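Here's the structure we're looking at; comments come further down.
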Amino acid sequence: MKSNGTTSENSGSNGISILSFSNKTRVDKKNLKQFVNFHWDHYQGETCYVPLLDYEYLGFKLIGMKGIFEPDNIFFKHADMRFFLATKNGNIVGRCNAFVNHNHNKHWSDRVGFFGHFESIDDAGVAHALLSNAEAWLKSKGMDTIRGPQNLPVNEATPGFLIEGYDSRPVIYYHFNKPFYANLVQQAGYRPVRDLKSWEVSPSNPWEEKLVRVAQMVVARYNVKVESWDQRPLAIRKKEMFEIYNSAWNDNYGFVPFTEEEFSHIIDNMRLIMDKGLFIFLYIKNEPAAFFGGVPNVIENLAPIGNFRHLELLRALKLIMFKRRPKGFRLGYLGVKSKFRRLGLDGVMLWKQKIYARKRGYEYCDIGWVLDDNAMTIRLVEMMGAKPSKTYRIFEKPIG
């Protein structure tokens with residue numbers, strides 16, 4: 001069946017059907033609501049699952065929130081996407097999307113497509129039907145590999161399936177998923193390719209004497225100038241962070257350089273929940289060299305309100321109005337220009353941020369995500385006495 005670019009396909013005698021659609025028509029919008037709604041029932045009773053606001057997916061003009069699935073989202077200026085809903089005996093039992101990020105393939109000179117926002121009941125047939133449809137669509141777009149899960153926004157949402165840390169606290173930018181997902185995709189022919197890790201540490205932990213001593217030496221040796229967020233205009237902050245971030249992350253696995261428009265949009269959104277004191281900027285000979293930033297863990301204020309499904313506006317108000325009340329923060333924005341690496345600037349920023357976090361009274365800091373082969377950062381967080389909290393695993397499969 002085909003209508004307005006929407007297709008429905010029966011995937012076999014097991015009663016599973018796949019609805020395939022885009023995000024451009026009224027029919028698509030209706031299907032996208034079902035796509036988003038699925039997780040509410042799927043995770044009912046899971047205390048560690050805190051869903052994003054529906055508005056973050058679908059948008060809400062009244063409060064000026066742009067949804068990540070809306071067709072005029074700036075991501076779609078350089079990406080194509082298709083959505084898939086699985087039904088069985090008339091009930092929705094799974095979902096995922098597939099997308100081609102042309103900026104990714106341009107940066108890495110490859111033909112990798114992605115799947116994301118994957119959810120499924122514990123049924124290998126459902127997972128296989130969803131993923132095979134995603135693979136076929138990506139192959140029709142000229143891709144030779146599928147990788148994921150990669151949710152939106154790219155570079156912000158943690159890639160991979162959660163495989164360790166199911167009882168760890170919910171933290172902003174991390175998603176929660178069912179423990180059987182990794183097994184489902186491996187049954188569908190996917191293999192693990194990378195792990196990403198995170199840690200939790202208390203700012204009240206005793207000072208690491210070696211860290212403080214080295215940080216003070218670095219500041220003196222390189223005449224490092226330290227600034228806070230408000231010491232320069234917003235436009236300059238955005239420009240400096242954009243240049244540093246793309247330079248610092250350029251060679252990291254899976255990184256896609258931001259466009260200036262994308263990065264500006266991210267900073268604008270982040271300012272709604274930010275604690276300016278958690279941002280540190282370093283300069284060497286008046287040149288922007290590095291920045292370090294954390295955001296309050298506002299997920300603490302996003303828990304669903306009782307059993308009421310349709311109180312998203314109240315959840316949104318809680319997110320904005322109580323932004324300074326979270327007990328912890330996530331270290332989620334950082335970068336050191338390549339020319340200033342290995343000078344010890346990361347230690348300086350940790351030192352300065354910890355001074356503020358202790359003064360502010362934060363009880364915990366989440367550090368992540370970190371690629372499993374980043375030995376230098378792993379040594380640093382271990383030296384701080386941080387404890388492992390979450391591990392995510394990325395999978396891929398050849399489709400050429």
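Scheme for the structure tokens: letters A, B, ... for chains in order shown; per-chain residue numbers from 1; ligand numbers from 1 in order shown.
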
Check your understanding: Just asking: which residues within stretch 156-283 of chain A are alpha helix (DSSP H) according to DSSP, as an MDAnalysis selection string?
Key -> chainID A and resid 181:187 209:221 234:249 260:270

Point to revise | Contacts of A:Tyr49 within 12 Å, only C-alpha atoms, excl. fewer than 5 positions in-chain, as JSON, numbers by chain | key: {"A": [39, 40, 41, 42, 43, 44, 162, 166, 167, 168, 169, 170, 171, 172, 174, 175, 176, 177, 178, 299, 300, 302, 303, 304]}

Exercise for review: Measure the distance from atom CA of A:Ile146 to atom CA of A:Pro159 in Å and round it to one decimal.
Suggested key: 13.4 Å

Review point. Residues at most 9 Å from A:Val256, counting only C-alpha atoms, excluding those fewer than 5 positions away in the same chain, as a list of chain:residue names?
Key: A:Asn101, A:Asn103, A:His104, A:Asn105, A:His107, A:Trp108, A:Val154, A:Asn155, A:Asn246, A:Trp249, A:Asn250

Output N, CA and C atoms for every residue in the selection just made, as a PDB file, in the first residue's frame.
ATOM      1  N   ASN A 101      23.580  10.834   6.769  1.00  0.00           N
ATOM      2  CA  ASN A 101      24.127  12.142   7.137  1.00  0.00           C
ATOM      3  C   ASN A 101      25.235  12.453   6.138  1.00  0.00           C
ATOM      4  N   ASN A 103      27.032  15.007   5.645  1.00  0.00           N
ATOM      5  CA  ASN A 103      28.226  15.636   6.216  1.00  0.00           C
ATOM      6  C   ASN A 103      29.151  14.600   6.840  1.00  0.00           C
ATOM      7  N   HIS A 104      28.578  13.543   7.415  1.00  0.00           N
ATOM      8  CA  HIS A 104      29.397  12.465   7.965  1.00  0.00           C
ATOM      9  C   HIS A 104      30.192  11.785   6.856  1.00  0.00           C
ATOM     10  N   ASN A 105      29.514  11.437   5.787  1.00  0.00           N
ATOM     11  CA  ASN A 105      30.186  10.709   4.708  1.00  0.00           C
ATOM     12  C   ASN A 105      31.204  11.576   3.980  1.00  0.00           C
ATOM     13  N   HIS A 107      32.957  13.960   5.506  1.00  0.00           N
ATOM     14  CA  HIS A 107      34.077  14.106   6.439  1.00  0.00           C
ATOM     15  C   HIS A 107      34.947  12.857   6.478  1.00  0.00           C
ATOM     16  N   TRP A 108      34.314  11.669   6.455  1.00  0.00           N
ATOM     17  CA  TRP A 108      35.044  10.417   6.610  1.00  0.00           C
ATOM     18  C   TRP A 108      35.289   9.692   5.289  1.00  0.00           C
ATOM     19  N   VAL A 154      22.691  14.355  16.593  1.00  0.00           N
ATOM     20  CA  VAL A 154      24.017  13.793  16.399  1.00  0.00           C
ATOM     21  C   VAL A 154      25.025  14.679  17.130  1.00  0.00           C
ATOM     22  N   ASN A 155      26.031  14.060  17.734  1.00  0.00           N
ATOM     23  CA  ASN A 155      27.079  14.711  18.531  1.00  0.00           C
ATOM     24  C   ASN A 155      26.614  15.094  19.932  1.00  0.00           C
ATOM     25  N   ASN A 246      35.213  21.934  16.883  1.00  0.00           N
ATOM     26  CA  ASN A 246      35.455  21.212  15.630  1.00  0.00           C
ATOM     27  C   ASN A 246      36.912  20.807  15.477  1.00  0.00           C
ATOM     28  N   TRP A 249      37.629  17.795  18.192  1.00  0.00           N
ATOM     29  CA  TRP A 249      36.953  16.521  17.977  1.00  0.00           C
ATOM     30  C   TRP A 249      37.103  15.981  16.556  1.00  0.00           C
ATOM     31  N   ASN A 250      37.807  16.686  15.710  1.00  0.00           N
ATOM     32  CA  ASN A 250      37.828  16.384  14.285  1.00  0.00           C
ATOM     33  C   ASN A 250      38.151  14.929  13.960  1.00  0.00           C
TER      34      ASN A 250
END

Exercise for review: May I have the residues within 8 Å of stretch 217-219 of chain A as a ChimeraX atom specification, using only C-alpha atoms and disregarding those fewer than 3 positions away in the same chain?
Suggested key: /A:213-214,222-225,343-345,348

Practice item. For A:Phe242, work out the shell of residues within 8 Å, counting only C-alpha atoms and skipping chain neighbours fewer than 5 positions away, then give it as an NGL selection string. Key: :A and (258 or 260 or 263)

Restricted to N, CA and C atoms, what would the selected residues look like written as a PDB file, in the first residue's frame?
ATOM      1  N   PHE A 258      30.281  20.232  13.173  1.00  0.00           N
ATOM      2  CA  PHE A 258      29.087  21.057  13.205  1.00  0.00           C
ATOM      3  C   PHE A 258      29.148  22.116  12.122  1.00  0.00           C
ATOM      4  N   GLU A 260      28.099  26.043  11.496  1.00  0.00           N
ATOM      5  CA  GLU A 260      28.013  27.156  12.439  1.00  0.00           C
ATOM      6  C   GLU A 260      26.573  27.365  12.907  1.00  0.00           C
ATOM      7  N   PHE A 263      25.704  24.668  15.538  1.00  0.00           N
ATOM      8  CA  PHE A 263      26.351  24.901  16.824  1.00  0.00           C
ATOM      9  C   PHE A 263      25.706  26.066  17.567  1.00  0.00           C
TER      10      PHE A 263
END

Exercise for review: Pick out the closest residue to A:Ala136 from this set: A:Pro398, A:Pro326, A:Gly254, A:Gly368. Count only C-alpha atoms.
Suggested key: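 Counting only C-alpha atoms, the residue closest to A:Ala136 is A:Pro398.
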
**Study point:** Long-range neighbours of stretch 294-297 of chain A as a PyMOL selection string, 7 Å cut-off, only C-alpha atoms, 3 positions minimum in chain
**Key:** chain A and resi 171-172+273-275+278-279+300+326+328-333

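Here the question is which of A:Ala79, A:Met241, A:Val212, A:Leu53 gets nearest to A:Lys106 using only C-alpha atoms, and that residue is A:Ala79.
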
Exercise for review: Measuring atom to atom with only C-alpha atoms, identify which of A:Ile394, A:Leu184, A:Val93, A:Ile236 is nearest to A:Phe161.
Suggested key: A:Ile394

Review point. Tell me, which residues of stretch 32-123 of chain A carry DSSP strand (DSSP E or B), written as a PyMOL selection string?
Key: chain A and resi 60+65+79-88+91-101+112-120

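A straight line drawn from atom CA of A:Ala188 to atom CA of A:Ser132 is 8.3 Å long.
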
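Nearest to A:Met65 of all the residues A:Asn374, A:Met384, A:Val298, A:Asp268 is A:Asp268, counting only C-alpha atoms.
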
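Straight-line separation from atom CA of A:Leu371 to atom CA of A:Pro257: 17.5 Å.
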
Check your understanding: Of the candidates A:Arg82, A:Arg342, A:Arg191, A:Lys33, which shows the shortest atom-to-atom distance to A:Thr7, using only C-alpha atoms?
Key -> A:Arg82
